[in-house]
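Beneath this line is the structure, given in structure tokens, with notes to follow.
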Amino acid sequence: MKVPPGPKGREAFGFFGGGSFAGTLEFLQRTARRYGPISSFRLLHKRIYLVDDADLVRDILVTQQHKFERDSGAGLLRELVGDALITREEPQHRDRRRVLQPAFHRDQVASYAQIMTAEAARLAEEWQPLETIDVRDQMRRLTLAIVGAALFGADFRESAAQVADVLRRVASKSRWLAPAFAFIEPAAALYRRLFPNGRSLFFESERKQLDRIVAPIVDRRHGSGTKDVVSLLLNTRDPADEPLSARAVQNEVVTFVLAGHETTATALTWTWFLLARNRHVATRLGEELHRVLAMDRPPTLEDVPELKYTGLVFQEAMRLYPPALAFARRAKEAVQLAGYTIPRHASVFLSPYVTQRNPKYFPNPEEFIPERWLEHQQPPKFAYFPFGGGAKMCIGEPFARLEGVLALATLARKWELECIDDDPVGLGTGLLLNPDRPILMRIRSRPTQVFQQSSPQPYTIEVQ
Ligand code: HEM
């Protein structure tokens with residue numbers, strides 16, 4: 001059978017990146033650039049396919065999505081969050097998504113704006129001029145407070161620090177587990193089939209701790225008529241017309257805490273870093289904040305359409321550093337892709353990190369240029385996919401985009417952050433595309449002089 005071109009023999013073991021995550025990403029990028037839109041390589045008994053082409057990404061995530069399922073990453077996740085939206089397959093996935101979707105409808109997400117701004121303003125009040133902060137820690141605290149208060153109610157704040165602690169332990173375990181899991185997955189899947197509700201293979205103690213933290217939050221929401229995630233779940237009946245079990249509700253709560261805070265924190269961390277290293281972008285951002293907010297009030301939901309450049313800064317940061325750097329799908333049956341037959345059970349990798357740096361779609365791909373999104377000619381839709389696509393696309397996308405703009409505008413209208421050194425920052429990850437070391441930044445008051453307005457025109461581009 002004809003297979004797509006790709007590295008062979010020892011070269012293919014570059015996939016393991018010499019033990020470093022950055023090495024793996026470099027390997028994927030090198031392979032994609034050298035072998036083109038679709039490539040493949042063999043690792044032990046597995047042949048892996050890699051796509052780096054907007055049309056093929058659309059094919060896998062949308063057009064032919066019914067022929068694919070989640071890959072081994074979901075198996076590992078299942079050991080932490082159990083049976084939940086983020087681990088389910090069709091048709092059960094669709095049923096659960098339908099239940100939860102109202103928590104992410106446009107109007108409902110808009111109702112979270114006040115919480116987003118209030119939490120960011122609280123942080124802005126804490127910061128002191130010339131103080132040095134670890135920006136990743138600060139962004140994690142912020143996004144955890146936001147997702148907790150917005151989705152589970154204000155009483156969640158007390159539990160946030162405990163949840164964060166447990167998830168940090170999970171991330172550090174996953175650093176070594178994630179690469180190994182693809183190879184032990186068949187045994188793990190068999191165990192899970194035999195004991196669907198059995199002990200977690202890797203995260204039993206973390207699961208127990210999360211349950212202890214989350215159970216009282218769920219209890220307090222019984223009888224509330226609101227559309228927050230917990231209330232929606234509590235008001236749902238399963239196919240046998242029974243209320244969802246406490247276990248099912250807890251699994252979703254843990255899912256949303258996990259998927260909903262570290263991702264946005266990572267995106268905001270890189271945004272601050274890129275702003276510090278690209279002063280002209282920071283200046284232009286300051287101009288917009290000055291024009292829209294006159295620098296004397298925090299933003300509101302009504303300001304968001306005017307904060308276009310702020311949105312583009314966040315969007316461009318996620319192009320260069322997409323928090324979900326790569327994900328995979330497994331073929332449920334033989335699939336035709338770009339003239340090749342992808343056999344049943346084969347894994348296909350899609351990498352926002354690789355494709356979003358492809359010069360075919362993004363000229364000067366390594367440069368941070370928010371203005372590129374204002375160009376007349378825009379890249380095809382699936383050349384940029386930090387939130388995935390299709391039926392399993394990130395349900396939190398509108399939430400994350402609004403949060404990014406409001407958090408950035410609230411903090412940046414008051415403060416600038418500068419790196420305390422010029423040393424390079426590499427890529428290191430647990431499950432997400434994190435920097436390989438803490439990014440320490442010094443806080444400076446934003447200058448209050450009237451900015452020369454270089455671009456007072458409202459932007460007209462439709463942001464994806
Ligand atoms: C910048 C921030 C975020 C990024 C980059 C991101 C990225 C992603 C991606 C790529 C997927 C799909 C993975 C796949 O197709 O296999 C996903 C799924 C998901 N995300 Fe996000 N996410 C972000 C923020 C959020 C937020 C704020 C929430 C919740 C409040 C959230 C909740 C979820 C859930 C529940 C899923 C599973 C959806 C399903 O399978 O139906 N995410 N996310």
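We label chains A, B, ... in the order they appear in the structure tokens, count residues from 1 in each chain, and number ligands from 1 in the order shown.
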Could you tell me, counting only C-alpha atoms and all ligand atoms, which protein and nucleic acid residues lie no more than 6 Å from ligand 1, written as a PyMOL selection string? chain A and resi 85-86+97+256+259-260+263-264+267+322-324+327+386-388+392-397+399-400
Contacts of Glu158 (chain A) within 12 Å, only C-alpha atoms, excl. fewer than 2 positions in-chain, as a ChimeraX atom specification: /A:141,144-145,148-149,152-156,160-164,213-214,216-217
Using only C-alpha atoms for the distances, tell me which of A:Glu316, A:Glu333, A:Asp95, A:Glu11 is nearest to Glu366 (chain A).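 Using only C-alpha atoms, the shortest distance to Glu366 (chain A) belongs to A:Glu316.
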So how far away is CA of Gln92 (chain A) from CA of Ala346 (chain A), in Å?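 Those two atoms sit 22.9 Å apart.
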Would you kindly return, as a list in words, each protein, DNA or RNA residue with an atom no farther than 9 Å from any atom of Lys332 (chain A), considering only C-alpha atoms and excluding same-chain residues fewer than 2 positions away?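 These residues fall inside the cut-off: His66, Lys67, Phe68, Glu69, Arg330, Ala334, Val335, Pro343, Arg344, His345 and Ala346 of chain A.
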Selection: 6 Å around Leu61 (chain A), only C-alpha atoms, excl. self and same-chain fewer than 3 positions, as a list in words: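 The filter keeps Arg58, Gln65, Gly389 and Gly390 of chain A.
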Please provide the set of residues having any atom within 10 Å of region 298-308 of chain A, restricted to only C-alpha atoms, with same-chain residues fewer than 2 positions apart removed, written as number ranges by chain. A: 110-114, 116-118, 120-121, 285, 288-289, 291-296, 310-313, 402, 405-411, 413-414, 458-463
May I have the selected residues written with C-alpha atoms, as a CSV table (one decimal), in the first residue's frame?
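Output saved as part-v6.csv:
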chain,number,residue,atom,x,y,z
A,110,ALA,CA,-21.8,37.5,27.8
A,111,SER,CA,-23.2,37.3,31.3
A,112,TYR,CA,-19.7,36.1,32.5
A,113,ALA,CA,-18.1,39.3,31.3
A,114,GLN,CA,-18.5,41.1,34.7
A,116,MET,CA,-13.9,38.2,34.1
A,117,THR,CA,-13.3,42.0,34.5
A,118,ALA,CA,-13.9,41.9,38.3
A,120,ALA,CA,-8.8,40.8,36.6
A,121,ALA,CA,-9.4,44.2,38.3
A,285,LEU,CA,-2.3,48.1,22.3
A,288,GLU,CA,-6.3,51.3,21.7
A,289,LEU,CA,-6.9,51.0,25.4
A,291,ARG,CA,-8.8,55.5,22.9
A,292,VAL,CA,-11.6,53.1,24.0
A,293,LEU,CA,-11.3,53.2,27.8
A,294,ALA,CA,-9.7,56.6,28.3
A,295,MET,CA,-7.5,54.6,30.8
A,296,ASP,CA,-9.8,55.5,33.7
A,310,THR,CA,-6.6,43.7,21.9
A,311,GLY,CA,-8.4,40.7,20.4
A,312,LEU,CA,-5.9,40.4,17.5
A,313,VAL,CA,-3.0,40.5,20.0
A,402,LEU,CA,-13.9,37.0,25.8
A,405,VAL,CA,-9.7,40.3,25.7
A,406,LEU,CA,-11.2,41.4,29.0
A,407,ALA,CA,-8.3,40.2,31.2
A,408,LEU,CA,-5.7,41.7,28.9
A,409,ALA,CA,-7.5,45.0,28.6
A,410,THR,CA,-8.2,45.3,32.4
A,411,LEU,CA,-4.6,44.6,33.3
A,413,ARG,CA,-4.8,49.6,30.8
A,414,LYS,CA,-3.0,50.0,34.1
A,458,PRO,CA,-12.3,51.1,13.7
A,459,TYR,CA,-11.2,47.8,12.2
A,460,THR,CA,-13.5,46.0,9.8
A,461,ILE,CA,-12.0,42.6,9.7
A,462,GLU,CA,-14.1,39.6,10.9
A,463,VAL,CA,-12.1,37.8,13.6
Using only C-alpha atoms, determine which residues lie at most 12 Å from Ser174 (chain A), disregarding the query and same-chain residues fewer than 5 positions distant; provide the list as a ChimeraX atom specification. /A:73,76-77,79-80,167-169,179-181,202-203,429-432
